[in-house]
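Novice: Structure file structure_5.cif (mmCIF, C-alpha atoms) right here:
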data_structure
loop_
_atom_site.group_PDB
_atom_site.id
_atom_site.type_symbol
_atom_site.label_atom_id
_atom_site.label_comp_id
_atom_site.auth_asym_id
_atom_site.auth_seq_id
_atom_site.Cartn_x
_atom_site.Cartn_y
_atom_site.Cartn_z
ATOM 1 C CA MET A 1 26.256 -16.069 17.426
ATOM 2 C CA THR A 2 25.182 -12.668 16.159
ATOM 3 C CA SER A 3 24.486 -14.076 12.728
ATOM 4 C CA GLY A 4 22.503 -16.942 14.255
ATOM 5 C CA THR A 5 20.387 -14.468 16.182
ATOM 6 C CA LEU A 6 19.678 -12.520 13.001
ATOM 7 C CA LYS A 7 18.704 -15.757 11.301
ATOM 8 C CA ARG A 8 16.253 -16.597 14.084
ATOM 9 C CA ILE A 9 14.727 -13.127 13.807
ATOM 10 C CA ALA A 10 14.433 -13.536 10.045
ATOM 11 C CA THR A 11 12.861 -16.986 10.402
ATOM 12 C CA THR A 12 10.243 -15.739 12.855
ATOM 13 C CA LEU A 13 9.516 -12.666 10.749
ATOM 14 C CA SER A 14 9.081 -14.795 7.646
ATOM 15 C CA LYS A 15 6.729 -17.152 9.481
ATOM 16 C CA ILE A 16 4.605 -14.181 10.584
ATOM 17 C CA CYS A 17 4.431 -12.985 6.980
ATOM 18 C CA ASN A 18 3.413 -16.466 5.826
ATOM 19 C CA ASP A 19 0.568 -16.310 8.345
ATOM 20 C CA LEU A 20 -0.506 -12.895 7.065
ATOM 21 C CA ARG A 21 -0.507 -14.112 3.469
ATOM 22 C CA LEU A 22 -2.561 -17.177 4.403
ATOM 23 C CA LEU A 23 -5.093 -15.290 6.523
ATOM 24 C CA ALA A 24 -5.497 -12.678 3.769
ATOM 25 C CA SER A 25 -5.803 -15.223 0.949
ATOM 26 C CA GLY A 26 -8.895 -14.830 -1.157
ATOM 27 C CA PRO A 27 -11.046 -12.869 -1.371
ATOM 28 C CA ARG A 28 -13.255 -15.821 -2.334
ATOM 29 C CA GLY A 29 -10.952 -18.766 -2.817
ATOM 30 C CA GLY A 30 -9.044 -18.526 0.455
ATOM 31 C CA LEU A 31 -9.447 -17.792 4.142
ATOM 32 C CA SER A 32 -9.940 -14.036 3.767
ATOM 33 C CA GLU A 33 -10.063 -13.536 7.527
ATOM 34 C CA ILE A 34 -8.088 -10.304 7.335
ATOM 35 C CA SER A 35 -7.483 -7.718 4.656
ATOM 36 C CA LEU A 36 -4.076 -6.195 3.995
ATOM 37 C CA PRO A 37 -3.689 -2.669 2.639
ATOM 38 C CA PRO A 38 -3.733 -2.771 -1.199
ATOM 39 C CA LEU A 39 -0.461 -1.204 -2.307
ATOM 40 C CA GLN A 40 -0.491 -2.184 -5.984
ATOM 41 C CA ALA A 41 -3.056 -1.985 -8.724
ATOM 42 C CA GLY A 42 -3.248 -5.766 -8.963
ATOM 43 C CA SER A 43 -1.578 -8.930 -10.116
ATOM 44 C CA SER A 44 0.358 -9.065 -13.382
ATOM 45 C CA ILE A 45 -1.305 -12.390 -14.301
ATOM 46 C CA MET A 46 -4.664 -12.219 -12.511
ATOM 47 C CA PRO A 47 -6.723 -9.079 -13.219
ATOM 48 C CA GLY A 48 -8.396 -7.732 -10.105
ATOM 49 C CA LYS A 49 -6.201 -9.632 -7.669
ATOM 50 C CA VAL A 50 -4.228 -7.605 -5.125
ATOM 51 C CA ASN A 51 -1.041 -9.297 -3.985
ATOM 52 C CA PRO A 52 0.284 -9.173 -0.393
ATOM 53 C CA VAL A 53 3.418 -7.465 -1.633
ATOM 54 C CA VAL A 54 4.820 -6.268 1.696
ATOM 55 C CA PRO A 55 4.778 -9.696 3.371
ATOM 56 C CA GLU A 56 6.249 -11.130 0.161
ATOM 57 C CA VAL A 57 9.067 -8.593 0.268
ATOM 58 C CA VAL A 58 9.783 -9.406 3.909
ATOM 59 C CA ASN A 59 9.826 -13.120 3.066
ATOM 60 C CA GLN A 60 12.520 -12.452 0.478
ATOM 61 C CA VAL A 61 14.532 -10.344 2.911
ATOM 62 C CA ALA A 62 14.337 -13.191 5.407
ATOM 63 C CA PHE A 63 15.575 -15.675 2.821
ATOM 64 C CA ARG A 64 18.524 -13.409 2.090
ATOM 65 C CA VAL A 65 19.398 -13.092 5.775
ATOM 66 C CA ILE A 66 19.108 -16.846 6.293
ATOM 67 C CA GLY A 67 21.410 -17.386 3.328
ATOM 68 C CA SER A 68 23.860 -14.837 4.695
ATOM 69 C CA ASP A 69 24.015 -16.771 7.936
ATOM 70 C CA MET A 70 25.264 -19.763 5.983
ATOM 71 C CA ALA A 71 27.897 -17.565 4.336
ATOM 72 C CA VAL A 72 28.998 -16.311 7.760
ATOM 73 C CA THR A 73 29.117 -19.863 9.088
ATOM 74 C CA LEU A 74 31.327 -21.043 6.241
ATOM 75 C CA ALA A 75 33.517 -17.940 6.491
ATOM 76 C CA ALA A 76 34.024 -18.538 10.221
ATOM 77 C CA GLU A 77 34.870 -22.163 9.524
ATOM 78 C CA GLY A 78 37.306 -21.145 6.781
ATOM 79 C CA GLY A 79 39.820 -19.614 9.147
ATOM 80 C CA GLN A 80 43.207 -21.262 9.755
ATOM 81 C CA LEU A 81 44.690 -21.252 13.236
ATOM 82 C CA GLN A 82 44.344 -17.666 14.538
ATOM 83 C CA LEU A 83 44.049 -16.116 11.080
ATOM 84 C CA ASN A 84 40.811 -15.719 9.174
ATOM 85 C CA VAL A 85 41.009 -13.926 5.851
ATOM 86 C CA MET A 86 37.222 -14.332 5.450
ATOM 87 C CA GLU A 87 36.387 -11.686 8.039
ATOM 88 C CA PRO A 88 35.429 -9.065 5.411
ATOM 89 C CA LEU A 89 32.648 -11.401 4.231
ATOM 90 C CA ILE A 90 31.510 -11.919 7.828
ATOM 91 C CA VAL A 91 31.377 -8.201 8.572
ATOM 92 C CA PHE A 92 29.689 -7.334 5.270
ATOM 93 C CA SER A 93 27.063 -10.046 5.713
ATOM 94 C CA LEU A 94 26.274 -9.030 9.290
ATOM 95 C CA LEU A 95 25.926 -5.337 8.449
ATOM 96 C CA GLU A 96 23.822 -6.107 5.397
ATOM 97 C CA SER A 97 21.543 -8.460 7.341
ATOM 98 C CA MET A 98 21.006 -5.918 10.122
ATOM 99 C CA ALA A 99 20.179 -3.179 7.619
ATOM 100 C CA LEU A 100 17.828 -5.437 5.631
ATOM 101 C CA LEU A 101 15.955 -6.626 8.718
ATOM 102 C CA SER A 102 15.673 -3.115 10.129
ATOM 103 C CA ASN A 103 14.199 -1.794 6.888
ATOM 104 C CA ALA A 104 11.956 -4.835 6.511
ATOM 105 C CA VAL A 105 10.467 -4.490 9.998
ATOM 106 C CA THR A 106 9.810 -0.785 9.474
ATOM 107 C CA THR A 107 8.199 -1.405 6.091
ATOM 108 C CA LEU A 108 6.057 -4.254 7.414
ATOM 109 C CA THR A 109 4.911 -2.177 10.376
ATOM 110 C CA VAL A 110 4.112 1.037 8.506
ATOM 111 C CA LYS A 111 2.838 -0.255 5.185
ATOM 112 C CA CYS A 112 1.067 -3.429 6.301
ATOM 113 C CA VAL A 113 0.488 -4.223 9.965
ATOM 114 C CA ALA A 114 -0.756 -0.748 10.902
ATOM 115 C CA ASP A 115 -3.645 -1.031 8.427
ATOM 116 C CA ILE A 116 -4.625 -4.694 8.786
ATOM 117 C CA ALA A 117 -8.373 -5.083 9.201
ATOM 118 C CA ALA A 118 -10.318 -8.161 10.246
ATOM 119 C CA ASP A 119 -13.131 -9.328 7.980
ATOM 120 C CA ALA A 120 -15.575 -9.872 10.822
ATOM 121 C CA GLN A 121 -18.393 -11.206 8.642
ATOM 122 C CA ASN A 122 -16.231 -13.776 6.911
ATOM 123 C CA CYS A 123 -14.649 -14.848 10.203
ATOM 124 C CA ALA A 124 -18.138 -15.318 11.659
ATOM 125 C CA ARG A 125 -19.150 -17.443 8.663
ATOM 126 C CA HIS A 126 -16.057 -19.631 9.045
ATOM 127 C CA LEU A 127 -16.700 -20.019 12.750
ATOM 128 C CA GLU A 128 -20.377 -20.834 12.309
ATOM 129 C CA ARG A 129 -19.562 -23.631 9.870
ATOM 130 C CA SER A 130 -16.598 -24.912 11.856
ATOM 131 C CA MET A 131 -16.647 -28.360 13.465
ATOM 132 C CA ALA A 132 -14.554 -27.143 16.409
ATOM 133 C CA GLY A 133 -17.625 -27.163 18.624
ATOM 134 C CA ALA A 134 -17.594 -30.964 18.511
ATOM 135 C CA THR A 135 -14.697 -30.880 20.969
ATOM 136 C CA ALA A 136 -16.824 -28.947 23.450
ATOM 137 C CA LEU A 137 -19.617 -31.486 22.967
ATOM 138 C CA THR A 138 -17.424 -34.429 23.911
ATOM 139 C CA PRO A 139 -17.842 -34.137 27.723
ATOM 140 C CA CYS A 140 -21.592 -33.972 27.189
ATOM 141 C CA VAL A 141 -22.302 -36.734 24.667
ATOM 142 C CA GLY A 142 -19.058 -38.682 24.483
ATOM 143 C CA TYR A 143 -16.400 -38.775 21.812
ATOM 144 C CA GLU A 144 -18.101 -41.241 19.465
ATOM 145 C CA ARG A 145 -21.409 -39.414 19.341
ATOM 146 C CA ALA A 146 -19.711 -36.031 18.970
ATOM 147 C CA ALA A 147 -17.787 -37.454 16.006
ATOM 148 C CA ARG A 148 -21.003 -38.827 14.460
ATOM 149 C CA LEU A 149 -22.736 -35.477 14.832
ATOM 150 C CA ALA A 150 -19.792 -33.669 13.242
ATOM 151 C CA LYS A 151 -19.736 -36.111 10.322
ATOM 152 C CA GLU A 152 -23.488 -35.696 9.862
ATOM 153 C CA ALA A 153 -23.106 -31.931 9.752
ATOM 154 C CA LEU A 154 -20.314 -32.199 7.173
ATOM 155 C CA ALA A 155 -22.269 -34.653 5.015
ATOM 156 C CA SER A 156 -25.485 -32.621 5.070
ATOM 157 C CA GLY A 157 -23.888 -29.208 4.717
ATOM 158 C CA SER A 158 -25.550 -28.107 7.946
ATOM 159 C CA THR A 159 -23.897 -26.384 10.872
ATOM 160 C CA LEU A 160 -23.051 -28.406 13.945
ATOM 161 C CA SER A 161 -25.544 -26.378 15.967
ATOM 162 C CA GLU A 162 -28.330 -27.258 13.535
ATOM 163 C CA VAL A 163 -27.584 -30.972 13.723
ATOM 164 C CA VAL A 164 -27.273 -30.976 17.511
ATOM 165 C CA SER A 165 -30.481 -28.972 17.929
ATOM 166 C CA ALA A 166 -32.355 -31.710 16.084
ATOM 167 C CA GLN A 167 -31.380 -34.322 18.692
ATOM 168 C CA PRO A 168 -34.502 -34.901 20.826
ATOM 169 C CA ASP A 169 -32.677 -36.384 23.813
ATOM 170 C CA LEU A 170 -30.281 -33.503 24.401
ATOM 171 C CA PRO A 171 -31.387 -30.636 26.700
ATOM 172 C CA GLN A 172 -31.302 -27.611 24.460
ATOM 173 C CA ASP A 173 -30.481 -25.089 27.190
ATOM 174 C CA VAL A 174 -27.306 -26.992 28.068
ATOM 175 C CA ILE A 175 -26.363 -27.526 24.418
ATOM 176 C CA ARG A 176 -26.811 -23.840 23.638
ATOM 177 C CA GLN A 177 -24.394 -22.953 26.396
ATOM 178 C CA ILE A 178 -21.877 -25.583 25.317
ATOM 179 C CA LEU A 179 -21.941 -24.498 21.663
ATOM 180 C CA ASP A 180 -21.990 -20.779 22.366
ATOM 181 C CA LEU A 181 -19.050 -19.660 20.236
ATOM 182 C CA ARG A 182 -18.117 -16.802 22.518
ATOM 183 C CA ARG A 183 -18.217 -19.014 25.589
ATOM 184 C CA LEU A 184 -15.857 -21.461 23.907
ATOM 185 C CA THR A 185 -13.157 -18.795 24.034
ATOM 186 C CA GLU A 186 -13.851 -17.673 27.583
ATOM 187 C CA ALA A 187 -14.901 -20.508 29.898
ATOM 188 C CA VAL A 188 -15.034 -24.262 30.235
ATOM 189 C CA ARG A 189 -17.851 -24.627 32.753
ATOM 190 C CA LEU A 190 -21.481 -23.607 32.506
ATOM 191 C CA GLU A 191 -22.634 -20.458 34.239
ATOM 192 C CA ASP A 192 -23.755 -22.407 37.320
ATOM 193 C CA GLY A 193 -20.416 -24.250 37.406
ATOM 194 C CA SER A 194 -22.100 -27.650 37.009
ATOM 195 C CA LYS A 195 -19.558 -29.433 34.856
ATOM 196 C CA ALA A 196 -20.774 -32.817 36.115
ATOM 197 C CA ARG A 197 -24.256 -31.944 34.905
ATOM 198 C CA TYR A 198 -23.277 -32.361 31.271
ATOM 199 C CA SER A 199 -20.150 -34.490 31.526
ATOM 200 C CA THR A 200 -22.196 -37.490 32.693
ATOM 201 C CA MET A 201 -25.032 -37.193 30.184
ATOM 202 C CA LYS A 202 -25.239 -39.895 27.482
#
What's the structure tokens form of this structure?

Specialist:
Amino acid sequence: MTSGTLKRIATTLSKICNDLRLLASGPRGGLSEISLPPLQAGSSIMPGKVNPVVPEVVNQVAFRVIGSDMAVTLAAEGGQLQLNVMEPLIVFSLLESMALLSNAVTTLTVKCVADIAADAQNCARHLERSMAGATALTPCVGYERAARLAKEALASGSTLSEVVSAQPDLPQDVIRQILDLRRLTEAVRLEDGSKARYSTMK
């Protein structure tokens, strides 16, 4: 049970590090939504590239701990009656896993997480060109039309707001509120609370 708990911790920690590596990917060919502290001069194969070395280290620690859990499982299974000569392997693996995870969490916290910075400009660019606003449009114009508008924006290279603003039959004051990116994270209804006002429009 203790080994299984360590494995779950390692799995979650590794998943977090995968997220950090993905969000920091770039700077121009990836998401680049956050920047991790640069701890090495660069990549050994790509000049100028800075690798996310701390999350990569923690990933490897997690893999080791997950593998150790399998060793503990097999060692526990290898006992006979009330005697288990594999207990030294169990104890060694547990102590090693606890030490590795403890060091990994400290390293990740001090050398990475503490100095993570959001790339606000790049995040804003991603958000502006996102099609997520089409979901907010659905109560207003219906699913099919929202999908058509999103496809038109993708095909033309325009933003969804630009395409929607060009629709002569849609009240622009309502549309502006619906597509307000900040509002999409804070509220569902319009300021006057008139959900029916836009949910019934065609």

Novice: Run through the PyMOL selection byres ((chain A and resi 17) around 8) on the given coordinates and return the selected residues as a count of residues only.

Specialist: 12

Novice: What does the structure give for the distance between CA of Ala134 in chain A and CA of Leu179 in chain A, in Å to one decimal?

Specialist: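 So the two atoms, CA of Ala134 in chain A and CA of Leu179 in chain A, lie 8.4 Å apart.
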
Novice: What does the distance between CA of Glu77 in chain A and CA of Glu96 in chain A come to in Å, to one decimal place?

Specialist: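 Going from CA of Glu77 in chain A over to CA of Glu96 in chain A, I get 19.9 Å.
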
Novice: Determine, counting all atoms listed in the file, which protein, DNA and RNA residues have an atom within 8 Å of an atom of range 39-54 of chain A; residues of the same chain fewer than 6 positions away are not included. Present the result as a CSV table (one decimal) with C-alpha atoms, in the coordinates of the input.

Specialist:
chain,number,residue,atom,x,y,z
A,21,ARG,CA,-0.5,-14.1,3.5
A,24,ALA,CA,-5.5,-12.7,3.8
A,107,THR,CA,8.2,-1.4,6.1
A,108,LEU,CA,6.1,-4.3,7.4
A,111,LYS,CA,2.8,-0.3,5.2
A,112,CYS,CA,1.1,-3.4,6.3

Novice: What would the list of residues within 7 Å of (-28.9, -26.6, 19.8) (file frame) look like as a ChimeraX atom specification, if all atoms listed in the file are what count?

Specialist: /A:161-162,164-165,172,175-176

Novice: Can you measure CA of Arg129 in chain A to CA of Leu23 in chain A for me? One decimal in Å is fine.

Specialist: 17.0 Å
